[in-house]
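Colleague: Take a look at the following structure, please.
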Amino acid sequence: MIEFINVSKRFDNGVLGLNNVNLKVEDGEFVAIIGLSGAGKSTLLRSVNRLNDITEGDIKINGVSITNASAREVRQMRRNIGMVFQQFNLVKKNTVQKNVLTGRLGYYNWFQTLLGLFSKEDYERTENALERVNLSDKLKVRSSSLSGGQQQRVSIARTIVQEAEIILADEPVASLDPITSHTVMGDFKKLNEEMNRTILINIHSIDLARQYASRIVGMRAGEIVFDGPTHEATDERLSEIYGASIFDDQE
Ligand SMILES: Nc1ncnc2c1ncn2[C@@H]1O[C@H](COP(=O)(O)OP(=O)(O)OP(=O)(O)O)[C@@H](O)[C@H]1O
Ligand SMILES: [Mg+2]
């Protein structure tokens with residue numbers, strides 16, 4: 001479970017990225033976070049695993065405060081939180097296999113990491129994860145030779161081997177064409193339904209949010225201005241909150 005309690009984030013330049021956010025995400029939910037550019041979606045997501053620190057309030061993961069955790073505890077907690085980015089964040093010159101294996105690094109010490117000593121189980125985990133995202137044939141291929149959609153699915157496979165219960169995805173389909181976007185969103189849905197992963201995804205497309213998520217959180221100026229099950233996020237309701245501009249740019 002992820003819990004935001006009266007969370008605010010003021011950046012060094014004075015901008016209020018989050019303004020008194022209260023949010024509770026239960027295990028196994030699939031939550032889409034929507035809102036116009038600058039609304040605070042990335043700030044919210046990055047606060048969950050402390051990629052950015054908050055300035056007020058508390059964030060708890062399974063009842064444990066990550067806000068007050070030591071560096072060592074944060075490292076432990078991050079094992080349980082996978083992250084997927086718009087730009088995939090793979091090491092392009094490395095094979096798909098190696099990129100997926102790095103999802104296991106949180107389980108090794110620096111010395112093992114240095115030597116690249118992965119266990120037989122981890123090689124098996126890697127193959128199984130690639131099977132789940134339909135990329136078994138790419139195991140030994142250099143990541144730079146993959147399409148954008150395939151690279152994103154490799155980064156999803158990386159979170160699978162990480163065995164993280166929570167997956168954060170910041171605009172994971174923003175660089176992909178519409179058809180590939182559906183494949184990738186389908187992979188998130190599979191992780192959610194078949195592996196009971198909790199998914200938090202920032203997304204510009206309202207249509208994709210409504211098709212795949214079970215709950216929609218709407219942000220504006222650092223605040224949560226909508227929070228409800230997908231069927232309540234109707235065009236009428238969203239345009240009341242945002243005006244028509246929220247539907248611009250939709251496929
Ligand atoms: N490192 C930073 N320093 C100062 N201000 C920042 C920083 N990061 C974000 N902000 C500001 O905080 C606000 C929220 O930004 P954030 O990136 O969370 O928005 P977003 O909803 O993810 O937007 P987008 O849809 O464009 O990705 C914006 O006003 C932004 O300019
Ligand atoms: Mg963003």
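As shown in the structure tokens, the chain order sets the letters A, B, ...; within each chain, residues go from 1, and ligands are also counted from 1 in the order they appear.
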Residues contacting ligand 1 - anything with an atom at most 12 Å away, using only C-alpha atoms and all ligand atoms - can you give me those as JSON, numbers by chain?
Modeller: {"A": [8, 9, 10, 11, 12, 13, 14, 15, 16, 17, 18, 19, 33, 34, 35, 36, 37, 38, 39, 40, 41, 42, 43, 44, 45, 46, 47, 51, 52, 53, 54, 85, 86, 169, 170, 171, 172, 174, 201, 202, 203, 204, 205, 217, 218, 219, 220, 221, 222, 223, 224, 246, 249]}
Colleague: From the DSSP assignment of the backbone, select every residue of region 6-242 of chain A that is helix (DSSP H, G or I), and format the answer as a PyMOL selection string.
Modeller: chain A and resi 41-48+71-79+96-107+110-115+120-132+136-138+143-145+148-162+178-195+206-212+230-232+235-242
Colleague: So the first atom is CA of Asn6 (chain A) and the second is CA of Val21 (chain A); what is the distance between them in Å, to one decimal place?
Modeller: 5.2 Å
Colleague: Find the residues around Lys140 (chain A) up to 12 Å (only C-alpha atoms counted), leave out those fewer than 5 positions away in its own chain, and share them as a ChimeraX atom specification.
Modeller: /A:93-100,126-127,130,135,145-146
Colleague: Suppose we keep C-alpha atoms; can you now write the selection as an mmCIF file, in the first residue's frame?
Modeller:
data_model
loop_
_atom_site.group_PDB
_atom_site.id
_atom_site.type_symbol
_atom_site.label_atom_id
_atom_site.label_comp_id
_atom_site.auth_asym_id
_atom_site.auth_seq_id
_atom_site.Cartn_x
_atom_site.Cartn_y
_atom_site.Cartn_z
ATOM 1 C CA LYS A 93 25.058 -1.233 -26.159
ATOM 2 C CA ASN A 94 24.207 -4.105 -23.816
ATOM 3 C CA THR A 95 22.182 -7.146 -24.725
ATOM 4 C CA VAL A 96 18.546 -7.440 -23.785
ATOM 5 C CA GLN A 97 19.546 -10.181 -21.347
ATOM 6 C CA LYS A 98 22.023 -7.939 -19.545
ATOM 7 C CA ASN A 99 19.558 -5.069 -19.335
ATOM 8 C CA VAL A 100 16.893 -7.288 -17.809
ATOM 9 C CA THR A 126 15.247 -13.176 -17.155
ATOM 10 C CA GLU A 127 14.093 -15.734 -19.694
ATOM 11 C CA LEU A 130 11.052 -11.943 -21.586
ATOM 12 C CA LEU A 135 10.465 -11.048 -26.522
ATOM 13 C CA SER A 145 18.653 -2.680 -32.393
ATOM 14 C CA LEU A 146 15.150 -2.864 -30.882
#
Colleague: Pick from A:Phe111, A:Arg215, A:Leu176, A:Leu238: nearest to Lys24 (chain A), with only C-alpha atoms counted?
Modeller: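 Comparing A:Phe111, A:Arg215, A:Leu176, A:Leu238 against Lys24 (chain A), the winner is A:Arg215.
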Colleague: Separation of CA of Thr159 (chain A) and CA of Val91 (chain A), in Å?
Modeller: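 CA of Thr159 (chain A) sits 14.9 Å away from CA of Val91 (chain A).
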Colleague: Please return as a list in words: the residues of region 38-82 of chain A that backbone DSSP assigns to strand (DSSP E).
Modeller: Glu56, Gly57, Asp58, Ile59, Lys60, Ile61, Val64, Ser65, Ile81 and Gly82 of chain A
Colleague: Could you please take those selected residues and save C-alpha atoms as a PDB file, in the first residue's frame?
Modeller:
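Output below, filename selection.pdb:
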ATOM      1  CA  GLU A  56       6.165  18.437   4.060  1.00  0.00           C
ATOM      2  CA  GLY A  57       4.104  15.449   5.127  1.00  0.00           C
ATOM      3  CA  ASP A  58       4.914  11.765   4.903  1.00  0.00           C
ATOM      4  CA  ILE A  59       4.844   8.938   2.363  1.00  0.00           C
ATOM      5  CA  LYS A  60       4.453   5.389   3.582  1.00  0.00           C
ATOM      6  CA  ILE A  61       5.040   2.194   1.657  1.00  0.00           C
ATOM      7  CA  VAL A  64       6.790   2.233   6.564  1.00  0.00           C
ATOM      8  CA  SER A  65       7.798   5.858   6.090  1.00  0.00           C
ATOM      9  CA  ILE A  81       9.422  -0.434  -6.406  1.00  0.00           C
ATOM     10  CA  GLY A  82      10.124  -0.796 -10.108  1.00  0.00           C
TER      11      GLY A  82
END
Colleague: At what distance in Å, to one decimal, does CA of Lys120 (chain A) lie from CA of Gln152 (chain A)?
Modeller: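 Between these atoms lies a distance of 24.7 Å.
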Colleague: Counting only C-alpha atoms, which residue out of A:Gly116, A:Val7, A:Gly63, A:Pro178 sits closest to Leu23 (chain A)?
Modeller: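 Closest to Leu23 (chain A) of all the choices is A:Val7.
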Colleague: Can you work out which one of A:Gly149, A:Thr180, A:Met185, A:Ile167 has the shortest atom-to-atom distance to Asp207 (chain A), counting only C-alpha atoms?
Modeller: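 Looking only at the distances to Asp207 (chain A), the closest residue turns out to be A:Met185.
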Colleague: Would you mind telling me which residue in A:Tyr108, A:Tyr123, A:Phe188, A:Phe88 lies nearest to Gly28 (chain A) when using only C-alpha atoms?
Modeller: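 Comparing A:Tyr108, A:Tyr123, A:Phe188, A:Phe88 against Gly28 (chain A), the winner is A:Phe188.
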Colleague: Just the residues within 6 Å of Ala213 (chain A), please, counting only C-alpha atoms, with nothing from its chain fewer than 4 positions along; format it as JSON, numbers by chain.
Modeller: {"A": [30, 31, 32, 209]}
